[in-house]
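For reference, coords.json (JSON, C-alpha atoms and all ligand atoms):
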[["chain", "number", "residue", "atom", "x", "y", "z"],
["A", 1, "MET", "CA", 15.07, -0.84, 16.34],
["A", 2, "THR", "CA", 12.98, 0.86, 13.73],
["A", 3, "GLY", "CA", 9.31, 1.57, 13.44],
["A", 4, "PHE", "CA", 7.63, 0.29, 16.56],
["A", 5, "ASN", "CA", 8.83, 2.88, 19.02],
["A", 6, "ARG", "CA", 5.83, 5.16, 19.77],
["A", 7, "CYS", "CA", 2.81, 4.21, 21.85],
["A", 8, "PRO", "CA", -0.31, 5.06, 19.82],
["A", 9, "ALA", "CA", -2.21, 5.85, 23.05],
["A", 10, "CYS", "CA", 0.18, 8.18, 24.89],
["A", 11, "GLY", "CA", 3.18, 8.73, 22.59],
["A", 12, "TYR", "CA", 5.62, 7.11, 25.01],
["A", 13, "GLN", "CA", 8.96, 6.51, 23.31],
["A", 14, "ALA", "CA", 9.83, 2.83, 23.71],
["A", 15, "ASP", "CA", 13.55, 2.27, 23.32],
["A", 16, "ALA", "CA", 13.78, -1.38, 24.35],
["A", 17, "VAL", "CA", 11.70, -4.52, 24.71],
["A", 18, "MET", "CA", 12.11, -7.41, 27.10],
["A", 19, "ASP", "CA", 10.99, -11.01, 27.09],
["A", 20, "VAL", "CA", 8.84, -11.49, 30.20],
["A", 21, "LYS", "CA", 9.94, -15.08, 30.72],
["A", 22, "THR", "CA", 13.70, -14.56, 30.38],
["A", 23, "ALA", "CA", 14.06, -10.83, 31.17],
["A", 24, "GLN", "CA", 16.40, -10.60, 28.17],
["A", 25, "ASP", "CA", 16.29, -7.96, 25.43],
["A", 26, "TYR", "CA", 15.12, -9.38, 22.14],
["A", 27, "ALA", "CA", 13.93, -8.37, 18.68],
["A", 28, "PRO", "CA", 10.12, -8.26, 18.62],
["A", 29, "THR", "CA", 8.16, -9.89, 15.83],
["A", 30, "PRO", "CA", 4.64, -9.24, 14.52],
["A", 31, "GLY", "CA", 2.00, -10.55, 16.93],
["A", 32, "ASP", "CA", 4.08, -10.03, 20.07],
["A", 33, "VAL", "CA", 2.12, -8.35, 22.85],
["A", 34, "GLY", "CA", 3.05, -6.18, 25.79],
["A", 35, "ILE", "CA", 2.23, -3.24, 28.02],
["A", 36, "CYS", "CA", 3.24, 0.39, 27.43],
["A", 37, "PHE", "CA", 5.57, 1.65, 30.18],
["A", 38, "GLY", "CA", 4.03, 5.11, 29.77],
["A", 39, "CYS", "CA", 0.29, 4.45, 30.06],
["A", 40, "GLY", "CA", -0.21, 0.73, 30.75],
["A", 41, "SER", "CA", -2.19, 0.09, 27.57],
["A", 42, "LYS", "CA", -2.06, -3.37, 26.01],
["A", 43, "GLN", "CA", -0.17, -3.36, 22.73],
["A", 44, "VAL", "CA", 0.72, -5.64, 19.86],
["A", 45, "ILE", "CA", 3.50, -5.44, 17.27],
["A", 46, "ASP", "CA", 1.82, -5.14, 13.87],
["A", 47, "LYS", "CA", 3.02, -6.56, 10.55],
["A", 48, "ASP", "CA", 5.10, -3.42, 9.91],
["A", 49, "LEU", "CA", 6.77, -3.67, 13.36],
["A", 50, "HIS", "CA", 4.80, -0.70, 14.70],
["A", 51, "LEU", "CA", 3.14, -0.61, 18.11],
["A", 52, "ALA", "CA", -0.64, -0.87, 17.85],
["A", 53, "LEU", "CA", -3.30, -1.01, 20.52],
["A", 54, "LEU", "CA", -4.42, -4.56, 21.23],
["A", 55, "GLY", "CA", -8.09, -4.89, 20.28],
["A", 56, "TYR", "CA", -10.62, -6.79, 22.35],
["A", 57, "GLU", "CA", -11.28, -9.44, 19.72],
["A", 58, "GLU", "CA", -7.56, -9.87, 19.02],
["A", 59, "GLU", "CA", -6.86, -10.32, 22.74],
["A", 60, "LYS", "CA", -9.67, -12.84, 23.18],
["A", 61, "SER", "CA", -8.31, -14.87, 20.24],
["A", 62, "MET", "CA", -4.98, -15.38, 22.07],
["A", 63, "ASP", "CA", -4.33, -18.41, 24.24],
["A", 64, "VAL", "CA", -5.67, -18.08, 27.80],
["A", 65, "GLU", "CA", -2.23, -18.22, 29.44],
["A", 66, "THR", "CA", -1.03, -15.23, 27.43],
["A", 67, "GLN", "CA", -4.21, -13.29, 28.31],
["A", 68, "ILE", "CA", -3.69, -14.01, 32.01],
["A", 69, "VAL", "CA", -0.03, -12.97, 31.95],
["A", 70, "LEU", "CA", -0.88, -9.77, 30.07],
["A", 71, "ASP", "CA", -3.66, -8.95, 32.56],
["A", 72, "ARG", "CA", -1.31, -9.53, 35.51],
["A", 73, "ILE", "CA", 1.37, -7.29, 34.02],
["A", 74, "GLN", "CA", -1.17, -4.55, 33.34],
["A", 75, "GLN", "CA", -2.62, -4.84, 36.87],
["A", 76, "GLN", "CA", 0.89, -4.55, 38.31],
["A", 77, "TRP", "CA", 1.58, -1.53, 36.14],
["A", 78, "TYR", "CA", -1.59, 0.19, 37.44],
["A", 79, "ALA", "CA", -0.82, -0.79, 41.06],
["A", 80, "THR", "CA", 2.72, 0.57, 40.80],
["A", 81, "HIS", "CA", 1.57, 3.84, 39.29],
["A", 82, "GLN", "CA", -1.22, 4.29, 41.85],
["A", 83, "GLU", "CA", 1.32, 3.81, 44.63],
["A", 84, "ARG", "CA", 3.48, 6.49, 43.07],
["A", 85, "ASN", "CA", 0.40, 8.73, 42.72],
["A", 86, "HIS", "CA", 1.00, 9.25, 39.01],
["A", 87, "THR", "CA", -1.65, 10.65, 36.77],
["A", 88, "LEU", "CA", -2.20, 8.49, 33.73],
["A", 89, "PRO", "CA", -1.45, 10.30, 30.47],
["A", 90, "ARG", "CA", -4.93, 9.58, 29.12],
["A", 91, "ASP", "CA", -6.51, 11.20, 32.22],
["A", 92, "LYS", "CA", -4.87, 14.52, 31.48],
["A", 93, "PRO", "CA", -7.14, 17.17, 29.92],
["B", 101, "ZN", "ZN", 1.30, 4.41, 26.21]]

Spit out the file's structure as structure tokens when you get a sec.
Amino acid sequence: MTGFNRCPACGYQADAVMDVKTAQDYAPTPGDVGICFGCGSKQVIDKDLHLALLGYEEEKSMDVETQIVLDRIQQQWYATHQERNHTLPRDKP
């Protein structure tokens, strides 16, 4: 993997990606979306295969099923991290 390995929100080093439907590793392509394991932010793979934050308008232009799945994954990420009493990276001073 080259390029798309740093979260622009928290700097988390992503070293792998997984297809949600198959749970298999795969090579991401521009336009793929996901959640940062470090901070839970919604992300998209840009044309240069870098992680970028997913903008509101870009998210709302996606099909509804994808938006719902992304919301559920993000909600689960937040629920898991609240249970573990983690402090979100963006909440740190
Ligand atoms: Zn992050």

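Note that atom CA of A:Thr66 and atom CA of A:Tyr12 are 23.4 Å apart.
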
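Shortest separation to A:Ser41 among A:Cys7, A:Ala79, A:Glu57, A:Ala16 occurs at residue A:Cys7, atoms counted being only C-alpha atoms.
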
Tell me which protein, DNA and RNA residues are within 12 Å of A:Arg72, counting only C-alpha atoms, leaving out same-chain ones fewer than 4 positions away, and put them as a CSV table (one decimal) with C-alpha atoms, in the frame of the given file.
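In the end it all went to result-v2.csv:
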chain,number,residue,atom,x,y,z
A,20,VAL,CA,8.8,-11.5,30.2
A,34,GLY,CA,3.0,-6.2,25.8
A,35,ILE,CA,2.2,-3.2,28.0
A,40,GLY,CA,-0.2,0.7,30.8
A,42,LYS,CA,-2.1,-3.4,26.0
A,65,GLU,CA,-2.2,-18.2,29.4
A,66,THR,CA,-1.0,-15.2,27.4
A,67,GLN,CA,-4.2,-13.3,28.3
A,68,ILE,CA,-3.7,-14.0,32.0
A,76,GLN,CA,0.9,-4.6,38.3
A,77,TRP,CA,1.6,-1.5,36.1
A,78,TYR,CA,-1.6,0.2,37.4
A,79,ALA,CA,-0.8,-0.8,41.1

Cut-off 12 Å, all atoms listed in the file, neighbours of ligand ZN 101 (chain B) as number ranges by chain: A: 5-14, 34-44, 51-54, 74, 77, 88-91

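Taking atom CA of A:Val69 and atom CA of A:Thr22 as the two end points, the separation is 13.9 Å.
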